[in-house]
file input28.txt (compact mmCIF, C-alpha atoms and all ligand atoms)
# COMPACT_ATOMS: atom_id res chain seq x y z
CA MET I 1494 2.99 -13.21 -5.45
CA SER I 1495 3.38 -11.10 -8.57
CA ILE I 1496 0.69 -8.65 -9.64
CA SER I 1497 -0.17 -7.72 -13.22
CA VAL I 1498 -2.62 -5.06 -14.25
CA ILE I 1499 -3.47 -5.18 -17.94
CA GLY I 1500 -5.29 -2.42 -19.80
CA ALA I 1501 -7.10 -0.97 -16.78
CA ASN I 1502 -9.70 1.71 -17.46
CA LYS I 1503 -11.83 3.52 -14.90
CA ARG I 1504 -13.99 6.54 -15.70
CA TYR I 1505 -16.01 8.84 -13.49
CA GLY I 1506 -18.40 10.42 -15.96
CA ASP I 1507 -16.23 11.86 -18.73
CA PHE I 1508 -13.16 11.82 -16.54
CA ALA I 1509 -10.63 9.01 -16.96
CA ALA I 1510 -9.20 8.20 -13.52
CA LEU I 1511 -7.30 5.29 -15.12
CA ASP I 1512 -6.53 5.46 -18.81
CA ASP I 1513 -5.33 2.13 -20.19
CA VAL I 1514 -2.94 1.37 -17.34
CA SER I 1515 -0.73 -1.71 -17.49
CA ILE I 1516 1.90 -2.58 -14.92
CA ASP I 1517 3.79 -5.65 -13.74
CA ILE I 1518 4.71 -5.78 -10.07
CA PRO I 1519 7.32 -8.47 -9.38
CA GLU I 1520 6.90 -10.98 -6.58
CA GLY I 1521 8.49 -9.86 -3.33
CA SER I 1522 9.15 -6.31 -4.53
CA LEU I 1523 8.28 -3.06 -2.82
CA THR I 1524 6.83 -0.95 -5.61
CA SER I 1525 5.70 2.65 -5.16
CA LEU I 1526 2.96 4.35 -7.13
CA LEU I 1527 4.19 7.96 -7.16
CA GLY I 1528 2.31 10.92 -8.54
CA PRO I 1529 0.56 14.16 -7.72
CA SER I 1530 -2.85 14.31 -6.12
CA GLY I 1531 -5.58 13.13 -8.47
CA SER I 1532 -3.25 11.14 -10.74
CA GLY I 1533 -5.08 7.85 -10.12
CA LYS I 1534 -2.86 6.19 -7.52
CA SER I 1535 -5.63 5.24 -5.09
CA THR I 1536 -7.91 4.18 -7.93
CA LEU I 1537 -5.24 1.78 -9.19
CA LEU I 1538 -4.58 0.44 -5.69
CA ARG I 1539 -8.28 -0.07 -5.02
CA ALA I 1540 -8.61 -1.94 -8.33
CA ILE I 1541 -5.76 -4.25 -7.31
CA ALA I 1542 -7.45 -4.78 -3.94
CA GLY I 1543 -10.83 -5.50 -5.50
CA LEU I 1544 -12.43 -2.62 -3.59
CA ASP I 1545 -13.48 -0.99 -6.89
CA ARG I 1546 -14.47 -2.55 -10.19
CA LEU I 1547 -12.65 -1.52 -13.33
CA ASP I 1548 -14.67 -0.52 -16.39
CA SER I 1549 -12.34 -2.73 -18.38
CA GLY I 1550 -9.03 -4.46 -17.91
CA THR I 1551 -7.66 -7.35 -15.92
CA VAL I 1552 -5.90 -7.83 -12.60
CA ARG I 1553 -3.81 -10.97 -12.18
CA ILE I 1554 -2.23 -12.19 -8.97
CA ASN I 1555 0.41 -14.81 -9.62
CA GLY I 1556 -0.95 -15.20 -13.12
CA LEU I 1557 -4.49 -15.90 -11.95
CA ASP I 1558 -7.25 -13.56 -13.16
CA VAL I 1559 -8.83 -12.17 -9.98
CA SER I 1560 -10.97 -9.53 -11.70
CA GLY I 1561 -14.18 -11.06 -10.34
CA ALA I 1562 -12.81 -11.85 -6.87
CA SER I 1563 -13.63 -10.03 -3.61
CA PRO I 1564 -10.85 -8.41 -1.52
CA GLN I 1565 -10.98 -11.38 0.89
CA GLN I 1566 -10.61 -13.86 -1.95
CA ARG I 1567 -7.64 -11.90 -3.23
CA ASP I 1568 -5.92 -12.35 0.13
CA ILE I 1569 -4.74 -8.79 0.44
CA GLY I 1570 -3.63 -6.74 3.45
CA PHE I 1571 -4.59 -3.07 3.26
CA VAL I 1572 -3.45 -0.01 5.23
CA PHE I 1573 -4.93 3.44 4.68
CA GLN I 1574 -3.78 6.91 5.68
CA HIS I 1575 -6.43 7.21 8.34
CA TYR I 1576 -6.39 3.85 9.95
CA ALA I 1577 -9.60 2.77 11.64
CA ALA I 1578 -8.46 0.82 14.69
CA PHE I 1579 -10.95 -0.87 16.98
CA LYS I 1580 -10.93 1.67 19.81
CA HIS I 1581 -12.30 -0.73 22.42
CA LEU I 1582 -9.66 -3.41 21.69
CA THR I 1583 -6.08 -3.43 22.96
CA VAL I 1584 -3.15 -3.31 20.56
CA ARG I 1585 -2.77 -7.05 20.98
CA ASP I 1586 -6.43 -7.75 20.23
CA ASN I 1587 -6.43 -5.39 17.26
CA ILE I 1588 -3.56 -7.36 15.72
CA ALA I 1589 -5.23 -10.68 16.59
CA PHE I 1590 -8.60 -9.66 15.14
CA GLY I 1591 -8.29 -11.18 11.67
CA LEU I 1592 -6.89 -14.41 13.09
CA LYS I 1593 -9.77 -14.75 15.53
CA ILE I 1594 -12.31 -14.17 12.77
CA ARG I 1595 -10.64 -16.95 10.82
CA LYS I 1596 -10.92 -19.15 13.92
CA ARG I 1597 -7.25 -20.04 14.01
CA PRO I 1598 -6.17 -22.15 17.02
CA LYS I 1599 -5.36 -20.13 20.15
CA HIS I 1600 -1.71 -21.17 20.37
CA GLU I 1601 -1.22 -20.21 16.74
CA ILE I 1602 -2.80 -16.78 17.32
CA LYS I 1603 -0.61 -16.19 20.38
CA ALA I 1604 2.59 -17.13 18.55
CA LYS I 1605 1.75 -15.02 15.50
CA VAL I 1606 0.75 -11.94 17.51
CA ASP I 1607 3.86 -12.20 19.72
CA GLU I 1608 6.02 -12.38 16.60
CA LEU I 1609 4.31 -9.38 14.99
CA LEU I 1610 4.40 -7.28 18.17
CA ASP I 1611 8.14 -7.88 18.21
CA ILE I 1612 8.59 -7.09 14.52
CA VAL I 1613 6.70 -3.78 14.75
CA GLY I 1614 8.25 -2.90 18.11
CA LEU I 1615 5.01 -2.73 20.10
CA THR I 1616 5.51 -5.58 22.59
CA VAL I 1617 5.65 -3.20 25.56
CA PHE I 1618 2.49 -1.42 24.37
CA GLN I 1619 0.40 -4.51 23.70
CA LYS I 1620 -2.07 -3.83 26.50
CA ARG I 1621 -2.65 -0.22 25.53
CA TYR I 1622 -5.65 1.01 23.59
CA PRO I 1623 -5.20 2.78 20.23
CA ALA I 1624 -5.94 6.19 21.78
CA GLN I 1625 -2.91 5.67 24.04
CA LEU I 1626 -0.54 5.33 21.07
CA SER I 1627 1.22 7.94 18.97
CA GLY I 1628 0.25 8.27 15.30
CA GLY I 1629 3.36 6.39 14.22
CA GLN I 1630 2.71 3.57 16.69
CA ARG I 1631 -0.86 3.30 15.44
CA GLN I 1632 0.31 2.89 11.86
CA ARG I 1633 2.78 0.20 12.98
CA MET I 1634 -0.13 -1.55 14.66
CA ALA I 1635 -2.13 -1.23 11.42
CA LEU I 1636 0.70 -2.87 9.50
CA ALA I 1637 0.93 -5.69 12.03
CA ARG I 1638 -2.81 -6.23 11.76
CA ALA I 1639 -2.65 -6.34 7.97
CA LEU I 1640 0.26 -8.80 8.09
CA ALA I 1641 -1.28 -11.07 10.74
CA VAL I 1642 -3.22 -13.16 8.26
CA ASP I 1643 -0.20 -13.69 6.00
CA PRO I 1644 -1.61 -11.80 3.01
CA LYS I 1645 -0.21 -12.57 -0.41
CA VAL I 1646 -0.04 -8.88 -1.13
CA LEU I 1647 0.27 -5.78 1.07
CA LEU I 1648 -1.23 -2.52 -0.22
CA LEU I 1649 -0.47 0.78 1.53
CA ASP I 1650 -2.26 4.01 0.59
CA GLU I 1651 -0.28 6.99 1.91
CA PRO I 1652 0.05 5.17 5.26
CA PHE I 1653 2.29 7.86 6.76
CA GLY I 1654 0.70 10.87 5.09
CA ALA I 1655 -0.93 12.23 8.23
CA LEU I 1656 2.21 12.07 10.37
CA ASP I 1657 4.97 14.56 11.19
CA ALA I 1658 7.96 14.71 8.83
CA LYS I 1659 10.37 13.18 11.34
CA VAL I 1660 8.04 10.30 12.23
CA ARG I 1661 7.39 9.74 8.54
CA GLU I 1662 11.09 9.44 7.87
CA ASP I 1663 11.57 6.93 10.70
CA LEU I 1664 8.62 4.84 9.56
CA ARG I 1665 9.90 4.86 6.01
CA LYS I 1666 13.16 3.25 7.12
CA TRP I 1667 11.26 0.90 9.32
CA LEU I 1668 8.91 -0.15 6.47
CA ARG I 1669 11.91 -0.97 4.33
CA GLN I 1670 13.39 -3.15 7.10
CA LEU I 1671 10.04 -4.81 7.69
CA HIS I 1672 9.75 -5.59 4.00
CA ASP I 1673 13.22 -7.08 3.97
CA GLU I 1674 12.10 -9.40 6.79
CA VAL I 1675 8.72 -10.52 5.49
CA HIS I 1676 9.25 -10.21 1.71
CA VAL I 1677 5.55 -9.81 0.99
CA THR I 1678 4.82 -8.20 -2.38
CA THR I 1679 4.06 -4.60 -1.40
CA VAL I 1680 2.57 -1.65 -3.26
CA LEU I 1681 2.94 1.76 -1.61
CA VAL I 1682 0.95 4.77 -2.80
CA THR I 1683 2.66 8.08 -2.11
CA HIS I 1684 2.90 11.60 -3.48
CA ASP I 1685 6.20 12.01 -1.60
CA GLN I 1686 9.11 11.60 -3.97
CA GLN I 1687 11.65 11.15 -1.17
CA GLU I 1688 9.56 8.43 0.42
CA ALA I 1689 9.34 6.55 -2.88
CA LEU I 1690 13.06 6.92 -3.50
CA ASP I 1691 13.96 5.79 0.02
CA VAL I 1692 11.85 2.65 0.30
CA SER I 1693 11.19 1.27 -3.17
CA ASP I 1694 12.71 -1.37 -5.39
CA ARG I 1695 10.65 0.06 -8.22
CA ILE I 1696 8.70 3.25 -8.79
CA ALA I 1697 5.80 3.77 -11.18
CA VAL I 1698 5.13 7.44 -11.85
CA LEU I 1699 1.49 8.26 -12.55
CA ASN I 1700 0.08 11.37 -14.19
CA LYS I 1701 -3.54 11.96 -15.19
CA GLY I 1702 -4.49 8.32 -15.01
CA ARG I 1703 -1.54 7.07 -17.05
CA ILE I 1704 1.77 5.51 -16.10
CA GLU I 1705 4.51 7.82 -17.32
CA GLN I 1706 7.44 5.68 -16.32
CA VAL I 1707 8.36 2.57 -14.37
CA GLY I 1708 11.83 1.81 -13.12
CA LYS I 1709 14.29 1.49 -10.31
CA PRO I 1710 14.66 4.61 -8.16
CA ASP I 1711 17.92 5.55 -9.90
CA ASP I 1712 16.33 5.30 -13.33
CA LEU I 1713 13.92 8.12 -12.59
CA TYR I 1714 16.63 10.72 -12.94
CA ASP I 1715 18.04 9.20 -16.12
CA ARG I 1716 15.16 10.24 -18.30
CA PRO I 1717 15.54 13.92 -19.17
CA ASP I 1718 13.34 13.24 -22.19
CA ASN I 1719 10.32 12.73 -19.96
CA VAL I 1720 9.11 16.25 -19.33
CA PHE I 1721 6.45 15.32 -16.79
CA VAL I 1722 8.70 13.13 -14.66
CA ALA I 1723 11.45 15.77 -14.74
CA SER I 1724 9.10 18.57 -13.75
CA PHE I 1725 7.29 16.54 -11.10
CA LEU I 1726 10.49 15.31 -9.49
CA GLY I 1727 12.00 18.75 -9.78
CA SER I 1728 9.03 20.34 -8.07
CA VAL I 1729 9.15 18.21 -4.95
CA SER I 1730 11.91 18.87 -2.47
P1 LIG I 1801 -4.78 9.97 -6.17
O1 LIG I 1801 -4.89 8.83 -5.23
O2 LIG I 1801 -3.63 9.86 -7.10
O3 LIG I 1801 -4.78 11.30 -5.48
P2 LIG I 1801 -7.38 9.09 -7.06
O4 LIG I 1801 -7.12 7.76 -7.65
O5 LIG I 1801 -7.99 9.12 -5.71
O6 LIG I 1801 -6.07 9.98 -7.12
O7 LIG I 1801 -8.36 9.89 -8.00
C1 LIG I 1801 -8.09 10.05 -9.39
C2 LIG I 1801 -9.14 10.96 -9.97
O8 LIG I 1801 -10.40 10.31 -9.96
C3 LIG I 1801 -9.30 12.27 -9.18
O9 LIG I 1801 -9.46 13.33 -10.09
C4 LIG I 1801 -10.55 12.04 -8.39
O10 LIG I 1801 -11.24 13.24 -8.18
C5 LIG I 1801 -11.35 11.08 -9.27
N1 LIG I 1801 -12.19 10.20 -8.45
C6 LIG I 1801 -11.72 9.25 -7.61
N2 LIG I 1801 -12.75 8.59 -7.01
C7 LIG I 1801 -13.88 9.18 -7.49
C8 LIG I 1801 -15.27 8.96 -7.24
N3 LIG I 1801 -15.70 8.01 -6.41
N4 LIG I 1801 -16.15 9.74 -7.93
C9 LIG I 1801 -15.72 10.67 -8.78
N5 LIG I 1801 -14.43 10.93 -9.06
C10 LIG I 1801 -13.53 10.20 -8.41
MG MG I 1802 -5.04 8.82 -3.14
call {"tool": "encode", "arguments": {"input": "input28.txt", "output": "structure tokens"}}
result
Amino acid sequence: MSISVIGANKRYGDFAALDDVSIDIPEGSLTSLLGPSGSGKSTLLRAIAGLDRLDSGTVRINGLDVSGASPQQRDIGFVFQHYAAFKHLTVRDNIAFGLKIRKRPKHEIKAKVDELLDIVGLTVFQKRYPAQLSGGQRQRMALARALAVDPKVLLLDEPFGALDAKVREDLRKWLRQLHDEVHVTTVLVTHDQQEALDVSDRIAVLNKGRIEQVGKPDDLYDRPDNVFVASFLGSVS
């Protein structure tokens, strides 16, 4: 499903968290929202998810105006930096949770969870509890749980931000492979330039609630005229 945000505005008091933001996110792409802390990345993602209302502007999913729709109606999978797993449920049951709530047939749940455990490489850990997993394994479980209900759109807000550099790098590669397998339209929020460059088909650079530039990873370096993008990219190793 494609996503379009048209003329999005969101203010907190006098402060514009989103200042007339428009962006088209192509179906099946992995698009990163890249920018420094406070640039409006999470606000934009939450608006796409329907977790926050915009002051004005429109969100379309596959051309359909979803501005008044709840997150459930938008059919969106969401993964945050600090993932809240159900501590008392096993890995398997955490992944199955959304399917059980939707009262899918048992054989269907089993098949889907088996498939996802395999995809995220947690089959051997399926009987463990979240506390018995590493941080990286927990985020893989979170992704499997988000994907279990076949969302139209997958939204990730700094999903690897709390992890060690090496684990982050591994998960980045893994996310790219996962995306190539499931092809779900994905939006990744990150302040990590290397992460955005490594995983994305497209990168939107945000600054102070505005989109400075959108393009393929290679395009980002071809715009010496854009002072902010040059300085931001230059400032991150
Ligand atoms: P990012 O995810 O890029 O770090 P956010 O979208 O979270 O940035 O926030 C953008 C700006 O909006 C920040 O300056 C932040 O302080 C402000 N902001 C976000 N949410 C709220 C809120 N609930 N109340 C007041 N200000 C907020
Ligand atoms: Mg944020």
call {"tool": "residues_near_ligand", "arguments": {"input": "input28.txt", "ligand": "ligand MG 1802 (chain I)", "cutoff": "7 Å", "atoms": "only C-alpha atoms and all ligand atoms", "output": "PyMOL selection string"}}
result
chain I and resi 1530-1531+1534-1535+1650
call {"tool": "residues_around", "arguments": {"input": "input28.txt", "residues": "I:Val1660", "least_positions_apart": "6", "cutoff": "12 Å", "atoms": "all atoms listed in the file", "output": "ChimeraX atom specification"}}
result
/I:1627-1633,1652-1654,1666-1668
call {"tool": "closest_atom_pairs", "arguments": {"input": "input28.txt", "of": "chain I", "to": "ligand LIG 1801 (chain I)", "cutoff": "9 Å", "atoms": "all atoms listed in the file", "output": "tab-separated table"}}
result
residue	atom	partner	partner_atom	distance
I:Lys1503	CA	I:LIG1801	O8	8.5
I:Arg1504	CA	I:LIG1801	O8	7.7
I:Tyr1505	CA	I:LIG1801	C9	5.1
I:Gly1506	CA	I:LIG1801	C9	7.7
I:Phe1508	CA	I:LIG1801	O8	7.3
I:Ala1509	CA	I:LIG1801	O8	7.1
I:Ala1510	CA	I:LIG1801	O8	4.3
I:Leu1511	CA	I:LIG1801	C1	7.5
I:Leu1526	CA	I:LIG1801	O2	8.6
I:Leu1527	CA	I:LIG1801	O2	8.0
I:Gly1528	CA	I:LIG1801	O2	6.2
I:Pro1529	CA	I:LIG1801	O2	6.0
I:Ser1530	CA	I:LIG1801	O3	3.6
I:Gly1531	CA	I:LIG1801	O6	3.5
I:Ser1532	CA	I:LIG1801	O2	3.9
I:Gly1533	CA	I:LIG1801	O4	3.2
I:Lys1534	CA	I:LIG1801	O2	3.8
I:Ser1535	CA	I:LIG1801	O1	3.7
I:Thr1536	CA	I:LIG1801	O4	3.7
I:Leu1537	CA	I:LIG1801	O4	6.5
I:Leu1538	CA	I:LIG1801	O4	8.0
I:Arg1539	CA	I:LIG1801	O4	8.3
I:Asp1650	CA	I:LIG1801	O1	8.0
I:Glu1651	CA	I:LIG1801	O1	8.7
I:Val1682	CA	I:LIG1801	O1	7.5
I:Thr1683	CA	I:LIG1801	O1	8.2
I:His1684	CA	I:LIG1801	O2	7.7
I:Leu1699	CA	I:LIG1801	O2	7.6
I:Asn1700	CA	I:LIG1801	O2	8.1
I:Lys1701	CA	I:LIG1801	C1	7.6
I:Gly1702	CA	I:LIG1801	C1	6.9
call {"tool": "write_last_selection", "arguments": {"input": "input28.txt", "atoms": "C-alpha atoms", "output": "tab-separated table (two decimals), in the coordinates of the input"}}
result
chain	number	residue	atom	x	y	z
I	1503	LYS	CA	-11.83	3.52	-14.90
I	1504	ARG	CA	-13.99	6.54	-15.70
I	1505	TYR	CA	-16.01	8.84	-13.49
I	1506	GLY	CA	-18.40	10.42	-15.96
I	1508	PHE	CA	-13.16	11.82	-16.54
I	1509	ALA	CA	-10.63	9.01	-16.96
I	1510	ALA	CA	-9.20	8.20	-13.52
I	1511	LEU	CA	-7.30	5.29	-15.12
I	1526	LEU	CA	2.96	4.35	-7.13
I	1527	LEU	CA	4.19	7.96	-7.16
I	1528	GLY	CA	2.31	10.92	-8.54
I	1529	PRO	CA	0.56	14.16	-7.72
I	1530	SER	CA	-2.85	14.31	-6.12
I	1531	GLY	CA	-5.58	13.13	-8.47
I	1532	SER	CA	-3.25	11.14	-10.74
I	1533	GLY	CA	-5.08	7.85	-10.12
I	1534	LYS	CA	-2.86	6.19	-7.52
I	1535	SER	CA	-5.63	5.24	-5.09
I	1536	THR	CA	-7.91	4.18	-7.93
I	1537	LEU	CA	-5.24	1.78	-9.19
I	1538	LEU	CA	-4.58	0.44	-5.69
I	1539	ARG	CA	-8.28	-0.07	-5.02
I	1650	ASP	CA	-2.26	4.01	0.59
I	1651	GLU	CA	-0.28	6.99	1.91
I	1682	VAL	CA	0.95	4.77	-2.80
I	1683	THR	CA	2.66	8.08	-2.11
I	1684	HIS	CA	2.90	11.60	-3.48
I	1699	LEU	CA	1.49	8.26	-12.55
I	1700	ASN	CA	0.08	11.37	-14.19
I	1701	LYS	CA	-3.54	11.96	-15.19
I	1702	GLY	CA	-4.49	8.32	-15.01
call {"tool": "atom_distance", "arguments": {"input": "input28.txt", "atom1": "atom CA of I:Ile1696", "atom2": "atom CA of I:Leu1713"}}
result
8.1 Å
call {"tool": "atom_distance", "arguments": {"input": "input28.txt", "atom1": "atom CA of I:Gln1687", "atom2": "atom CA of I:Leu1610"}}
result
27.7 Å
call {"tool": "residues_around", "arguments": {"input": "input28.txt", "residues": "stretch 1641-1647 of chain I", "least_positions_apart": "2", "cutoff": "9 Å", "atoms": "all atoms listed in the file", "output": "VMD selection string"}}
result
chain I and resid 1494 to 1496 1521 1542 1554 1567 to 1572 1588 to 1592 1595 1602 1605 to 1606 1609 1636 to 1639 1649 1677 to 1681
call {"tool": "write_last_selection", "arguments": {"input": "input28.txt", "atoms": "C-alpha atoms", "output": "mmCIF file, in the frame of the given file"}}
result
data_model
loop_
_atom_site.group_PDB
_atom_site.id
_atom_site.type_symbol
_atom_site.label_atom_id
_atom_site.label_comp_id
_atom_site.auth_asym_id
_atom_site.auth_seq_id
_atom_site.Cartn_x
_atom_site.Cartn_y
_atom_site.Cartn_z
ATOM 1 C CA MET I 1494 2.990 -13.210 -5.450
ATOM 2 C CA SER I 1495 3.380 -11.100 -8.570
ATOM 3 C CA ILE I 1496 0.690 -8.650 -9.640
ATOM 4 C CA GLY I 1521 8.490 -9.860 -3.330
ATOM 5 C CA ALA I 1542 -7.450 -4.780 -3.940
ATOM 6 C CA ILE I 1554 -2.230 -12.190 -8.970
ATOM 7 C CA ARG I 1567 -7.640 -11.900 -3.230
ATOM 8 C CA ASP I 1568 -5.920 -12.350 0.130
ATOM 9 C CA ILE I 1569 -4.740 -8.790 0.440
ATOM 10 C CA GLY I 1570 -3.630 -6.740 3.450
ATOM 11 C CA PHE I 1571 -4.590 -3.070 3.260
ATOM 12 C CA VAL I 1572 -3.450 -0.010 5.230
ATOM 13 C CA ILE I 1588 -3.560 -7.360 15.720
ATOM 14 C CA ALA I 1589 -5.230 -10.680 16.590
ATOM 15 C CA PHE I 1590 -8.600 -9.660 15.140
ATOM 16 C CA GLY I 1591 -8.290 -11.180 11.670
ATOM 17 C CA LEU I 1592 -6.890 -14.410 13.090
ATOM 18 C CA ARG I 1595 -10.640 -16.950 10.820
ATOM 19 C CA ILE I 1602 -2.800 -16.780 17.320
ATOM 20 C CA LYS I 1605 1.750 -15.020 15.500
ATOM 21 C CA VAL I 1606 0.750 -11.940 17.510
ATOM 22 C CA LEU I 1609 4.310 -9.380 14.990
ATOM 23 C CA LEU I 1636 0.700 -2.870 9.500
ATOM 24 C CA ALA I 1637 0.930 -5.690 12.030
ATOM 25 C CA ARG I 1638 -2.810 -6.230 11.760
ATOM 26 C CA ALA I 1639 -2.650 -6.340 7.970
ATOM 27 C CA LEU I 1649 -0.470 0.780 1.530
ATOM 28 C CA VAL I 1677 5.550 -9.810 0.990
ATOM 29 C CA THR I 1678 4.820 -8.200 -2.380
ATOM 30 C CA THR I 1679 4.060 -4.600 -1.400
ATOM 31 C CA VAL I 1680 2.570 -1.650 -3.260
ATOM 32 C CA LEU I 1681 2.940 1.760 -1.610
#
call {"tool": "residues_around", "arguments": {"input": "input28.txt", "residues": "I:Asn1587", "least_positions_apart": "3", "cutoff": "9 Å", "atoms": "all atoms listed in the file", "output": "PDB file with C-alpha atoms, in the coordinates of the input"}}
result
ATOM      1  CA  ALA I1578      -8.460   0.820  14.690  1.00  0.00           C
ATOM      2  CA  PHE I1579     -10.950  -0.870  16.980  1.00  0.00           C
ATOM      3  CA  LYS I1580     -10.930   1.670  19.810  1.00  0.00           C
ATOM      4  CA  LEU I1582      -9.660  -3.410  21.690  1.00  0.00           C
ATOM      5  CA  THR I1583      -6.080  -3.430  22.960  1.00  0.00           C
ATOM      6  CA  VAL I1584      -3.150  -3.310  20.560  1.00  0.00           C
ATOM      7  CA  PHE I1590      -8.600  -9.660  15.140  1.00  0.00           C
ATOM      8  CA  GLY I1591      -8.290 -11.180  11.670  1.00  0.00           C
ATOM      9  CA  PRO I1623      -5.200   2.780  20.230  1.00  0.00           C
ATOM     10  CA  MET I1634      -0.130  -1.550  14.660  1.00  0.00           C
ATOM     11  CA  ALA I1635      -2.130  -1.230  11.420  1.00  0.00           C
ATOM     12  CA  ARG I1638      -2.810  -6.230  11.760  1.00  0.00           C
TER      13      ARG I1638
END
call {"tool": "closest_residue", "arguments": {"input": "input28.txt", "among": "I:Ile1704, I:Val1675, I:Ile1612, I:Leu1656", "to": "I:His1575", "atoms": "all atoms listed in the file"}}
result
I:Leu1656
call {"tool": "atom_distance", "arguments": {"input": "input28.txt", "atom1": "atom CA of I:Ala1697", "atom2": "atom CA of I:Pro1710"}}
result
9.4 Å
call {"tool": "build_atoms", "arguments": {"input": "input28.txt", "residues": "stretch 1610-1627 of chain I", "atoms": "N, CA and C atoms", "output": "tab-separated table (two decimals), in the coordinates of the input"}}
result
chain	number	residue	atom	x	y	z
I	1610	LEU	N	4.15	-8.35	17.19
I	1610	LEU	CA	4.40	-7.28	18.17
I	1610	LEU	C	5.90	-6.98	18.22
I	1611	ASP	N	6.69	-8.04	18.19
I	1611	ASP	CA	8.14	-7.88	18.21
I	1611	ASP	C	8.62	-7.18	16.94
I	1612	ILE	N	8.14	-7.65	15.80
I	1612	ILE	CA	8.59	-7.09	14.52
I	1612	ILE	C	8.26	-5.59	14.44
I	1613	VAL	N	7.08	-5.20	14.87
I	1613	VAL	CA	6.70	-3.78	14.75
I	1613	VAL	C	7.06	-2.98	16.00
I	1614	GLY	N	7.74	-3.62	16.95
I	1614	GLY	CA	8.25	-2.90	18.11
I	1614	GLY	C	7.18	-2.41	19.07
I	1615	LEU	N	6.10	-3.18	19.21
I	1615	LEU	CA	5.01	-2.73	20.10
I	1615	LEU	C	4.77	-3.69	21.26
I	1616	THR	N	5.72	-4.60	21.52
I	1616	THR	CA	5.51	-5.58	22.59
I	1616	THR	C	5.17	-4.91	23.92
I	1617	VAL	N	5.90	-3.84	24.25
I	1617	VAL	CA	5.65	-3.20	25.56
I	1617	VAL	C	4.33	-2.43	25.59
I	1618	PHE	N	3.75	-2.18	24.42
I	1618	PHE	CA	2.49	-1.42	24.37
I	1618	PHE	C	1.28	-2.30	24.10
I	1619	GLN	N	1.46	-3.61	24.17
I	1619	GLN	CA	0.40	-4.51	23.70
I	1619	GLN	C	-0.91	-4.41	24.47
I	1620	LYS	N	-0.83	-3.94	25.72
I	1620	LYS	CA	-2.07	-3.83	26.50
I	1620	LYS	C	-2.70	-2.45	26.42
I	1621	ARG	N	-2.07	-1.56	25.69
I	1621	ARG	CA	-2.65	-0.22	25.53
I	1621	ARG	C	-3.81	-0.27	24.53
I	1622	TYR	N	-4.59	0.82	24.58
I	1622	TYR	CA	-5.65	1.01	23.59
I	1622	TYR	C	-5.15	1.99	22.53
I	1623	PRO	N	-5.71	1.93	21.32
I	1623	PRO	CA	-5.20	2.78	20.23
I	1623	PRO	C	-5.06	4.25	20.62
I	1624	ALA	N	-6.01	4.77	21.40
I	1624	ALA	CA	-5.94	6.19	21.78
I	1624	ALA	C	-4.71	6.50	22.63
I	1625	GLN	N	-4.09	5.47	23.20
I	1625	GLN	CA	-2.91	5.67	24.04
I	1625	GLN	C	-1.60	5.53	23.24
I	1626	LEU	N	-1.72	5.45	21.92
I	1626	LEU	CA	-0.54	5.33	21.07
I	1626	LEU	C	-0.31	6.62	20.30
I	1627	SER	N	0.94	6.83	19.89
I	1627	SER	CA	1.22	7.94	18.97
I	1627	SER	C	0.74	7.55	17.57
